[in-house]
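Note: the block below is coords.cif and it holds mmCIF, C-alpha atoms.
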data_run
loop_
_atom_site.group_PDB
_atom_site.id
_atom_site.type_symbol
_atom_site.label_atom_id
_atom_site.label_comp_id
_atom_site.auth_asym_id
_atom_site.auth_seq_id
_atom_site.Cartn_x
_atom_site.Cartn_y
_atom_site.Cartn_z
ATOM 1 C CA MET A 1 -26.059 -9.110 12.912
ATOM 2 C CA ARG A 2 -22.343 -8.358 13.152
ATOM 3 C CA LYS A 3 -21.521 -4.831 14.269
ATOM 4 C CA SER A 4 -19.660 -2.882 11.639
ATOM 5 C CA ARG A 5 -16.116 -1.648 12.124
ATOM 6 C CA ARG A 6 -16.332 0.262 8.841
ATOM 7 C CA LYS A 7 -19.278 2.260 10.195
ATOM 8 C CA ALA A 8 -17.403 2.685 13.499
ATOM 9 C CA ARG A 9 -14.596 4.324 11.520
ATOM 10 C CA GLU A 10 -17.101 6.630 9.820
ATOM 11 C CA PHE A 11 -18.530 7.736 13.151
ATOM 12 C CA ALA A 12 -15.014 8.082 14.568
ATOM 13 C CA LEU A 13 -14.188 10.359 11.637
ATOM 14 C CA LYS A 14 -17.236 12.502 12.437
ATOM 15 C CA ALA A 15 -16.212 12.705 16.093
ATOM 16 C CA ILE A 16 -12.557 13.551 15.427
ATOM 17 C CA TYR A 17 -13.554 16.090 12.771
ATOM 18 C CA GLU A 18 -15.849 17.809 15.265
ATOM 19 C CA TRP A 19 -13.169 17.654 17.968
ATOM 20 C CA LYS A 20 -10.604 19.235 15.650
ATOM 21 C CA LEU A 21 -12.944 22.039 14.611
ATOM 22 C CA SER A 22 -14.728 22.756 17.885
ATOM 23 C CA GLY A 23 -12.322 21.630 20.579
ATOM 24 C CA ASN A 24 -15.330 20.206 22.433
ATOM 25 C CA ASP A 25 -14.982 17.391 24.922
ATOM 26 C CA VAL A 26 -14.626 14.036 23.163
ATOM 27 C CA ALA A 27 -17.013 12.277 25.546
ATOM 28 C CA SER A 28 -19.813 14.751 24.821
ATOM 29 C CA ILE A 29 -19.165 14.510 21.076
ATOM 30 C CA ALA A 30 -19.341 10.710 21.253
ATOM 31 C CA ALA A 31 -22.517 10.906 23.338
ATOM 32 C CA HIS A 32 -24.384 13.074 20.857
ATOM 33 C CA LEU A 33 -23.242 10.921 17.912
ATOM 34 C CA ARG A 34 -24.984 7.954 19.543
ATOM 35 C CA ASP A 35 -28.276 9.668 18.665
ATOM 36 C CA GLU A 36 -27.475 9.838 14.943
ATOM 37 C CA GLU A 37 -29.160 7.574 12.448
ATOM 38 C CA GLY A 38 -27.116 4.480 11.729
ATOM 39 C CA TYR A 39 -25.271 4.388 15.040
ATOM 40 C CA GLY A 40 -27.016 1.170 16.067
ATOM 41 C CA VAL A 41 -25.166 -0.894 13.462
ATOM 42 C CA ILE A 42 -21.653 0.156 14.434
ATOM 43 C CA ASP A 43 -19.144 -1.596 16.664
ATOM 44 C CA ASP A 44 -19.526 0.821 19.573
ATOM 45 C CA LYS A 45 -16.494 -0.511 21.439
ATOM 46 C CA TYR A 46 -14.264 -0.023 18.389
ATOM 47 C CA PHE A 47 -15.698 3.461 17.807
ATOM 48 C CA LEU A 48 -14.696 4.478 21.341
ATOM 49 C CA ILE A 49 -11.253 2.894 20.989
ATOM 50 C CA LEU A 50 -10.605 4.894 17.809
ATOM 51 C CA VAL A 51 -12.015 8.193 19.045
ATOM 52 C CA ASN A 52 -10.379 8.105 22.455
ATOM 53 C CA GLY A 53 -7.115 6.713 21.141
ATOM 54 C CA ALA A 54 -6.753 9.119 18.218
ATOM 55 C CA THR A 55 -7.597 12.189 20.291
ATOM 56 C CA GLN A 56 -5.625 11.280 23.424
ATOM 57 C CA GLU A 57 -2.568 10.302 21.389
ATOM 58 C CA ALA A 58 -2.912 12.984 18.688
ATOM 59 C CA ALA A 59 0.544 14.456 19.383
ATOM 60 C CA THR A 60 2.255 11.046 19.233
ATOM 61 C CA LEU A 61 0.357 10.092 16.088
ATOM 62 C CA GLU A 62 1.207 13.395 14.451
ATOM 63 C CA ALA A 63 4.881 12.814 15.266
ATOM 64 C CA ALA A 64 4.686 9.382 13.622
ATOM 65 C CA LEU A 65 3.024 10.866 10.520
ATOM 66 C CA THR A 66 5.186 13.996 10.177
ATOM 67 C CA PRO A 67 8.145 12.410 8.337
ATOM 68 C CA PHE A 68 5.736 11.373 5.575
ATOM 69 C CA LEU A 69 3.876 14.674 5.225
ATOM 70 C CA ASP A 70 4.834 17.469 2.858
ATOM 71 C CA ARG A 71 3.204 20.013 5.186
ATOM 72 C CA SER A 72 1.906 20.112 8.749
ATOM 73 C CA LEU A 73 -1.064 17.972 9.718
ATOM 74 C CA ASP A 74 -2.913 21.153 10.726
ATOM 75 C CA SER A 75 -2.565 22.551 7.201
ATOM 76 C CA LEU A 76 -4.385 19.547 5.722
ATOM 77 C CA SER A 77 -8.150 19.591 5.455
ATOM 78 C CA PRO A 78 -9.756 18.560 8.752
ATOM 79 C CA ILE A 79 -11.115 15.432 7.051
ATOM 80 C CA GLU A 80 -7.772 14.209 5.715
ATOM 81 C CA SER A 81 -6.129 15.100 9.010
ATOM 82 C CA ALA A 82 -8.741 13.117 10.967
ATOM 83 C CA VAL A 83 -8.503 10.162 8.562
ATOM 84 C CA LEU A 84 -4.720 10.099 8.991
ATOM 85 C CA LEU A 85 -5.073 10.150 12.791
ATOM 86 C CA ILE A 86 -7.438 7.176 12.621
ATOM 87 C CA GLY A 87 -5.158 5.320 10.200
ATOM 88 C CA ALA A 88 -2.066 6.006 12.284
ATOM 89 C CA TYR A 89 -3.840 4.930 15.464
ATOM 90 C CA GLU A 90 -4.965 1.667 13.863
ATOM 91 C CA ALA A 91 -1.490 1.102 12.414
ATOM 92 C CA LEU A 92 0.187 1.530 15.781
ATOM 93 C CA HIS A 93 -2.375 0.083 18.188
ATOM 94 C CA CYS A 94 -4.881 -2.180 16.406
ATOM 95 C CA LEU A 95 -2.575 -4.970 15.392
ATOM 96 C CA ASP A 96 -5.511 -7.316 14.756
ATOM 97 C CA VAL A 97 -6.343 -5.155 11.725
ATOM 98 C CA PRO A 98 -4.096 -6.147 8.793
ATOM 99 C CA TYR A 99 -1.984 -3.279 7.468
ATOM 100 C CA ARG A 100 -3.654 -3.420 4.045
ATOM 101 C CA VAL A 101 -7.050 -3.046 5.716
ATOM 102 C CA VAL A 102 -5.771 -0.025 7.662
ATOM 103 C CA ILE A 103 -4.733 1.656 4.419
ATOM 104 C CA ASN A 104 -7.826 0.611 2.466
ATOM 105 C CA GLU A 105 -10.270 1.746 5.133
ATOM 106 C CA ALA A 106 -8.538 5.122 5.455
ATOM 107 C CA VAL A 107 -8.564 5.586 1.681
ATOM 108 C CA GLU A 108 -12.273 4.731 1.540
ATOM 109 C CA LEU A 109 -13.042 7.261 4.295
ATOM 110 C CA ALA A 110 -11.083 9.922 2.430
ATOM 111 C CA LYS A 111 -12.872 9.068 -0.832
ATOM 112 C CA SER A 112 -16.280 9.288 0.828
ATOM 113 C CA TYR A 113 -15.761 12.389 2.947
ATOM 114 C CA GLY A 114 -12.624 14.164 1.780
ATOM 115 C CA GLY A 115 -11.623 16.391 -1.078
ATOM 116 C CA THR A 116 -11.222 15.304 -4.688
ATOM 117 C CA ASP A 117 -7.722 13.832 -4.404
ATOM 118 C CA GLY A 118 -7.480 13.589 -0.613
ATOM 119 C CA HIS A 119 -7.609 9.812 -0.769
ATOM 120 C CA LYS A 120 -4.429 9.758 -2.859
ATOM 121 C CA TYR A 121 -2.606 11.817 -0.255
ATOM 122 C CA VAL A 122 -3.886 9.600 2.584
ATOM 123 C CA ASN A 123 -2.819 6.502 0.649
ATOM 124 C CA GLY A 124 0.658 7.892 0.011
ATOM 125 C CA VAL A 125 1.238 8.854 3.646
ATOM 126 C CA LEU A 126 -0.030 5.589 5.132
ATOM 127 C CA ASP A 127 1.792 3.565 2.475
ATOM 128 C CA LYS A 128 5.030 5.066 3.828
ATOM 129 C CA LEU A 129 4.075 4.869 7.527
ATOM 130 C CA LEU A 130 3.029 1.215 7.659
ATOM 131 C CA PRO A 131 6.388 -0.311 6.610
ATOM 132 C CA LYS A 132 8.019 1.721 9.402
ATOM 133 C CA VAL A 133 5.598 0.729 12.161
ATOM 134 C CA ARG A 134 4.814 -2.833 11.001
ATOM 135 C CA PRO A 135 7.945 -3.884 9.093
ATOM 136 C CA THR A 136 7.583 -7.627 9.660
ATOM 137 C CA GLU A 137 3.944 -7.768 8.550
ATOM 138 C CA VAL A 138 4.532 -5.579 5.481
ATOM 139 C CA LYS A 139 7.659 -7.491 4.457
ATOM 140 C CA ALA A 140 5.888 -10.847 4.846
ATOM 141 C CA ASN A 141 3.033 -9.676 2.624
ATOM 142 C CA THR A 142 5.132 -8.013 -0.067
ATOM 143 C CA SER A 143 7.559 -10.898 -0.507
ATOM 144 C CA ARG A 144 4.802 -13.281 -1.637
#
Have the structure of the file written as structure tokens, please.
Amino acid sequence: MRKSRRKAREFALKAIYEWKLSGNDVASIAAHLRDEEGYGVIDDKYFLILVNGATQEAATLEAALTPFLDRSLDSLSPIESAVLLIGAYEALHCLDVPYRVVINEAVELAKSYGGTDGHKYVNGVLDKLLPKVRPTEVKANTSR
């Protein structure tokens, strides 16, 4: 059975959410999430890439997102903030993931775990970020 990247994103969201709220060590958060039901089906390597990347590069990712936010990342709900960190990390560092998948997966996370219209905000922000960080890929896909 193929390990799921979608589920890895869900677990990464849980980890980053906890990190944002508690300030606990990311490694210990990741370790205790391994005991949760459903962990066995995720792409563990991708989970760790997302969690470690999004938390270690949070300041850089926030700087990339800031021009497209109407308020600070910290003033967003912790879920939308964490989803945007994951989306920005994938946009900048996971170039094997098509830009439309980056946006779609972030929107789905926000729909599943965020507030009523949080997914619309996430979509709007990432829809503006991706053409800036992946201009060639976005242009090639929108000119078809």
For Lys45 in chain A: contacts at 10 Å, only C-alpha atoms, fewer than 5 positions along chain excluded, given as a PyMOL selection string: chain A and resi 3+5+8+50
Point out the residue among A:Gly114, A:Gly53, A:Gly40, A:Pro67 with the least atom-to-atom distance to Glu90 in chain A, counting all atoms listed in the file.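 Comparing A:Gly114, A:Gly53, A:Gly40, A:Pro67 against Glu90 in chain A, the winner is A:Gly53.
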Which one of A:Val102, A:Arg71, A:Leu21, A:Val51 sits closest to Leu129 in chain A if you count all atoms listed in the file?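 Smallest separation from Leu129 in chain A among the options: A:Val102.
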Atom pair CA of Asn123 in chain A / CA of Ala15 in chain A: separation (Å): 21.4 Å
Any chance you could work out the residue set of the PyMOL selection byres ((chain A and resi 18) around 12) here, as a list in words?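 When the PyMOL selection byres ((chain A and resi 18) around 12) is applied to the shown file, the picked residues are Phe11, Ala12, Leu13, Lys14, Ala15, Ile16, Tyr17, Trp19, Lys20, Leu21, Ser22, Gly23, Asn24, Asp25, Val26, Ala27, Ser28, Ile29, Ala30, His32, Leu33, Val51, Thr55, Pro78, Ile79, Ser81 and Ala82 of chain A.
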Just to confirm, what's the straight-line distance from CA of Leu61 in chain A to CA of Tyr89 in chain A in Å (one decimal)? 6.7 Å
Hey, which of A:Leu126, A:Val83, A:Val138, A:Val97 ends up closest to Tyr113 in chain A? Count only C-alpha atoms. A:Val83
Of the listed residues A:Ala54, A:Ile103, A:Val122, A:Leu65, that which approaches Glu80 in chain A most closely, counting only C-alpha atoms: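 Looking at the shortest contact to Glu80 in chain A, the residue is A:Val122.
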Hits from the PyMOL selection byres ((chain A and resi 127) around 12), listed as a PyMOL selection string: chain A and resi 65+68-69+84+87-88+91+99-104+106-107+119-126+128-135+138
Select all residues near (-19.6, -1.0, 18.5) (cut-off 10 Å, inclusive, file coordinates), counting all atoms listed in the file, and output them as an mmCIF file with C-alpha atoms, keeping the file's coordinate frame.
data_model
loop_
_atom_site.group_PDB
_atom_site.id
_atom_site.type_symbol
_atom_site.label_atom_id
_atom_site.label_comp_id
_atom_site.auth_asym_id
_atom_site.auth_seq_id
_atom_site.Cartn_x
_atom_site.Cartn_y
_atom_site.Cartn_z
ATOM 1 C CA ARG A 2 -22.343 -8.358 13.152
ATOM 2 C CA LYS A 3 -21.521 -4.831 14.269
ATOM 3 C CA SER A 4 -19.660 -2.882 11.639
ATOM 4 C CA ARG A 5 -16.116 -1.648 12.124
ATOM 5 C CA LYS A 7 -19.278 2.260 10.195
ATOM 6 C CA ALA A 8 -17.403 2.685 13.499
ATOM 7 C CA TYR A 39 -25.271 4.388 15.040
ATOM 8 C CA GLY A 40 -27.016 1.170 16.067
ATOM 9 C CA VAL A 41 -25.166 -0.894 13.462
ATOM 10 C CA ILE A 42 -21.653 0.156 14.434
ATOM 11 C CA ASP A 43 -19.144 -1.596 16.664
ATOM 12 C CA ASP A 44 -19.526 0.821 19.573
ATOM 13 C CA LYS A 45 -16.494 -0.511 21.439
ATOM 14 C CA TYR A 46 -14.264 -0.023 18.389
ATOM 15 C CA PHE A 47 -15.698 3.461 17.807
ATOM 16 C CA LEU A 48 -14.696 4.478 21.341
ATOM 17 C CA ILE A 49 -11.253 2.894 20.989
#
Restricting the calculation to only C-alpha atoms, which member of A:Glu37, A:Ala58, A:Glu10, A:Glu137 is positioned closest to Leu85 in chain A? A:Ala58
From the options A:Ser112, A:Ala140, A:Leu76, A:Asp70, which residue's atoms come nearest to Pro98 in chain A, counting all atoms listed in the file?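 Of A:Ser112, A:Ala140, A:Leu76, A:Asp70, the one nearest Pro98 in chain A is A:Ala140, counting all atoms listed in the file.
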At what distance in Å, to one decimal, does CA of Leu92 in chain A lie from CA of Lys139 in chain A?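 So the two atoms, CA of Lys139 in chain A and CA of Leu92 in chain A, lie 16.3 Å apart.
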